[in-house]
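Only one structure is covered here, and it is reproduced in the block below.
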Amino acid sequence: MAPAKPSSSKDTYSVILPTFNERQNLPIITWLLNRTFTEQNLDWELIIVDDGSPDGTQEVAAQLVTAYAPHVLLRPRTGKLGLGTAYVHGLQSARGNYIVIMDADFSHHPKFIPQMIAAQRAGGFDIVTGTRYAGDGGVYGWDLKRKLTSKGANIFADTVLRPGVSDLTGSFRLYKRAVLERLFECTEARGFTMQMALAVTAKSKGYSIGEVPISFVDRVYGDSKLGGEEIVEYAKGVLQLWWST
Ligand SMILES: Nc1nc2c(ncn2[C@@H]2O[C@H](COP(=O)(O)OP(=O)(O)O[C@H]3O[C@H](CO)[C@@H](O)[C@H](O)[C@@H]3O)[C@@H](O)[C@H]2O)c(=O)[nH]1
């Protein structure tokens, strides 16, 4: 892909990558991120927020910090404190005026980042979200139960809250930094409900959201941390948002 001319030479993209047991995925995703941003001639950094993974993710991350200096930072925490607070923790160290949030397991492929940046620039959006449920977007490798859970979660939230965003539970997003900071200030949800809460709150505050279709491919290495508890938490979160908006 041809390098994108930066709209401003001051733009910096901070990728916040929460990790828990991602030792096998981390070197490859870092390599791909480096290639993507280098090809695009963009200033970037990667902030790895690892929650004391027992599989040695932090040792791998420490090597990547050296190998890709000064682009990669490790901001570890001692216990598994969850995805949402990992983003908040990572944001504290970020120097970018744009923040990319994604998973480390290739379900969110770095190849979509240039499209998200192009969409943001073209539309001036506050947020660009990767969507599995519009245009060419799709999900690959999930069993029927997981597909129905994800689709059902989106239909449920869309029916109750009507935010006009096609993929409310997806977490592959590009935010203007100031917008994400503001949303964290006024959004309490930090569990699996958070992606949905951030998008719904953003809409209610008048922030613009663009969408880029993505292919979400299920992880090859490691396991998803989504369980029954998160699904119940999500349903409660939708109803709380409905009540409070
Ligand atoms: N630091 C940290 N990272 C975590 C934690 N739990 C998960 N992660 C990391 O967060 C990313 C996503 O975790 P998964 O466990 O693979 O998530 P998932 O079940 O596949 O859910 C994904 O898809 C959902 C929608 O279908 C999303 O709602 C969710 O945010 C996530 O993107 C991975 O990089 C994983 O290592 C945690 O407690 N702490």
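Each chain in the structure tokens gets a letter, A, B and so on, in the order shown; residues start at 1 in every chain, and ligands are counted from 1 in the order they appear.
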Those of segment 11-218 of chain A in DSSP helix (DSSP H, G or I), formatted as a ChimeraX atom specification: /A:26-39,57-67,83-93,110-123,144-161,177-186,194-204
Output file for the residues above (C-alpha atoms, as an mmCIF file, in the first residue's frame):
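Dumped to result00.cif:
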data_model
loop_
_atom_site.group_PDB
_atom_site.id
_atom_site.type_symbol
_atom_site.label_atom_id
_atom_site.label_comp_id
_atom_site.auth_asym_id
_atom_site.auth_seq_id
_atom_site.Cartn_x
_atom_site.Cartn_y
_atom_site.Cartn_z
ATOM 1 C CA LEU A 26 3.285 -10.569 20.668
ATOM 2 C CA PRO A 27 6.451 -10.696 18.496
ATOM 3 C CA ILE A 28 4.472 -11.091 15.278
ATOM 4 C CA ILE A 29 1.890 -8.403 16.026
ATOM 5 C CA THR A 30 4.722 -6.016 16.984
ATOM 6 C CA TRP A 31 6.578 -6.780 13.757
ATOM 7 C CA LEU A 32 3.405 -6.155 11.730
ATOM 8 C CA LEU A 33 2.664 -2.894 13.542
ATOM 9 C CA ASN A 34 6.203 -1.670 12.930
ATOM 10 C CA ARG A 35 5.928 -2.536 9.237
ATOM 11 C CA THR A 36 2.493 -0.939 8.895
ATOM 12 C CA PHE A 37 3.432 2.397 10.470
ATOM 13 C CA THR A 38 6.865 2.497 8.808
ATOM 14 C CA GLU A 39 5.325 1.914 5.364
ATOM 15 C CA THR A 57 4.633 -12.457 27.950
ATOM 16 C CA GLN A 58 6.470 -9.752 29.926
ATOM 17 C CA GLU A 59 9.891 -11.271 29.238
ATOM 18 C CA VAL A 60 9.075 -11.344 25.511
ATOM 19 C CA ALA A 61 7.749 -7.779 25.700
ATOM 20 C CA ALA A 62 10.968 -6.600 27.398
ATOM 21 C CA GLN A 63 12.983 -7.982 24.459
ATOM 22 C CA LEU A 64 10.687 -6.180 22.005
ATOM 23 C CA VAL A 65 11.182 -2.905 23.896
ATOM 24 C CA THR A 66 14.905 -3.208 23.156
ATOM 25 C CA ALA A 67 14.540 -4.518 19.602
ATOM 26 C CA LEU A 83 -9.161 -5.160 29.687
ATOM 27 C CA GLY A 84 -10.834 -1.845 30.451
ATOM 28 C CA THR A 85 -8.466 -0.634 33.145
ATOM 29 C CA ALA A 86 -5.566 -1.826 30.963
ATOM 30 C CA TYR A 87 -6.571 0.772 28.348
ATOM 31 C CA VAL A 88 -6.759 3.498 30.990
ATOM 32 C CA HIS A 89 -3.352 2.452 32.336
ATOM 33 C CA GLY A 90 -1.820 2.463 28.838
ATOM 34 C CA LEU A 91 -3.305 5.831 27.976
ATOM 35 C CA GLN A 92 -1.453 7.411 30.909
ATOM 36 C CA SER A 93 1.857 6.682 29.169
ATOM 37 C CA PRO A 110 -2.782 -4.246 11.739
ATOM 38 C CA LYS A 111 -3.442 -4.134 7.975
ATOM 39 C CA PHE A 112 -6.732 -2.347 8.713
ATOM 40 C CA ILE A 113 -5.051 0.525 10.570
ATOM 41 C CA PRO A 114 -4.163 2.517 7.397
ATOM 42 C CA GLN A 115 -7.809 2.269 6.309
ATOM 43 C CA MET A 116 -8.962 3.485 9.718
ATOM 44 C CA ILE A 117 -6.540 6.416 9.566
ATOM 45 C CA ALA A 118 -7.633 7.268 6.009
ATOM 46 C CA ALA A 119 -11.305 7.146 7.047
ATOM 47 C CA GLN A 120 -10.599 9.363 10.068
ATOM 48 C CA ARG A 121 -8.820 11.923 7.916
ATOM 49 C CA ALA A 122 -11.412 11.854 5.157
ATOM 50 C CA GLY A 123 -14.361 12.260 7.520
ATOM 51 C CA LEU A 144 -21.943 -20.984 16.002
ATOM 52 C CA LYS A 145 -22.359 -20.323 19.748
ATOM 53 C CA ARG A 146 -19.754 -17.522 19.770
ATOM 54 C CA LYS A 147 -21.175 -16.027 16.543
ATOM 55 C CA LEU A 148 -24.679 -15.990 17.988
ATOM 56 C CA THR A 149 -23.426 -14.507 21.278
ATOM 57 C CA SER A 150 -21.658 -11.651 19.502
ATOM 58 C CA LYS A 151 -24.427 -10.962 17.008
ATOM 59 C CA GLY A 152 -27.061 -11.286 19.756
ATOM 60 C CA ALA A 153 -25.133 -8.864 22.001
ATOM 61 C CA ASN A 154 -25.089 -6.306 19.200
ATOM 62 C CA ILE A 155 -28.752 -6.744 18.281
ATOM 63 C CA PHE A 156 -29.751 -6.499 21.956
ATOM 64 C CA ALA A 157 -27.799 -3.281 22.545
ATOM 65 C CA ASP A 158 -28.897 -1.791 19.223
ATOM 66 C CA THR A 159 -32.549 -2.528 19.945
ATOM 67 C CA VAL A 160 -32.410 -1.085 23.471
ATOM 68 C CA LEU A 161 -30.100 1.886 22.874
ATOM 69 C CA ARG A 177 -6.871 11.139 22.252
ATOM 70 C CA ALA A 178 -8.867 13.953 23.856
ATOM 71 C CA VAL A 179 -12.106 12.165 22.996
ATOM 72 C CA LEU A 180 -10.982 8.898 24.579
ATOM 73 C CA GLU A 181 -9.824 10.726 27.717
ATOM 74 C CA ARG A 182 -13.202 12.451 27.961
ATOM 75 C CA LEU A 183 -15.064 9.174 27.430
ATOM 76 C CA PHE A 184 -13.058 7.423 30.135
ATOM 77 C CA GLU A 185 -13.905 10.275 32.503
ATOM 78 C CA CYS A 186 -17.631 9.969 31.949
ATOM 79 C CA MET A 194 -16.915 -1.006 28.008
ATOM 80 C CA GLN A 195 -16.673 -1.004 24.194
ATOM 81 C CA MET A 196 -20.419 -0.710 23.911
ATOM 82 C CA ALA A 197 -20.609 1.930 26.654
ATOM 83 C CA LEU A 198 -17.877 4.039 25.038
ATOM 84 C CA ALA A 199 -19.614 4.006 21.632
ATOM 85 C CA VAL A 200 -23.068 4.743 23.044
ATOM 86 C CA THR A 201 -21.764 7.524 25.300
ATOM 87 C CA ALA A 202 -19.760 9.002 22.413
ATOM 88 C CA LYS A 203 -22.880 9.172 20.272
ATOM 89 C CA SER A 204 -24.929 10.714 23.068
#
Contacts to ligand 1 at 9 Å cut-off (only C-alpha atoms and all ligand atoms) as JSON, numbers by chain: {"A": [17, 18, 19, 20, 21, 22, 25, 26, 48, 49, 50, 51, 52, 53, 76, 77, 79, 80, 81, 82, 83, 84, 85, 86, 87, 102, 103, 104, 105, 106, 107, 108, 146, 147, 149, 150, 151, 167, 168, 169, 170, 171, 172, 191, 192, 193, 194, 195, 196, 216, 218, 219, 222, 223, 224, 225, 226, 227]}
Point-to-point distance in Å for atom CA of Leu241 of chain A and atom CA of Val100 of chain A: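 Between atom CA of Val100 of chain A and atom CA of Leu241 of chain A the gap is 24.4 Å.
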Atom CA of Ile214 of chain A to atom CA of Thr129 of chain A, distance in Å rounded to a single decimal: 9.3 Å
Point-to-point distance in Å for atom CA of Ser208 of chain A and atom CA of Val128 of chain A: 8.4 Å
Test item, strand (DSSP E) assignment across segment 37-175 of chain A, answer as a list in words: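 For segment 37-175 of chain A, the strand (DSSP E) set is Asp43, Trp44, Glu45, Leu46, Ile47, Ile48, Val49, Asp50, Val72, Leu73, Leu74, Tyr98, Ile99, Val100, Ile101, Ile127, Val128, Thr129, Gly130, Thr131, Gly138, Val139, Tyr140, Arg173, Leu174 and Tyr175 of chain A.
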Residue with smallest distance to Ser166 of chain A - pool A:Val212, A:Gly124, A:Glu188, A:Leu42, counting only C-alpha atoms: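 For Ser166 of chain A, the nearest of the given residues is A:Val212.
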Top pick for closest residue to Tyr13 of chain A, considering A:Pro70, A:Gly130, A:Pro163, A:Tyr175 and counting only C-alpha atoms: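 Closest to Tyr13 of chain A, using only C-alpha atoms: A:Tyr175.
The shortest atom-to-atom distance to Thr12 of chain A, with only C-alpha atoms taken into account, belongs to A:Lys176 out of A:Lys205, A:His109, A:Lys176, A:Arg162.
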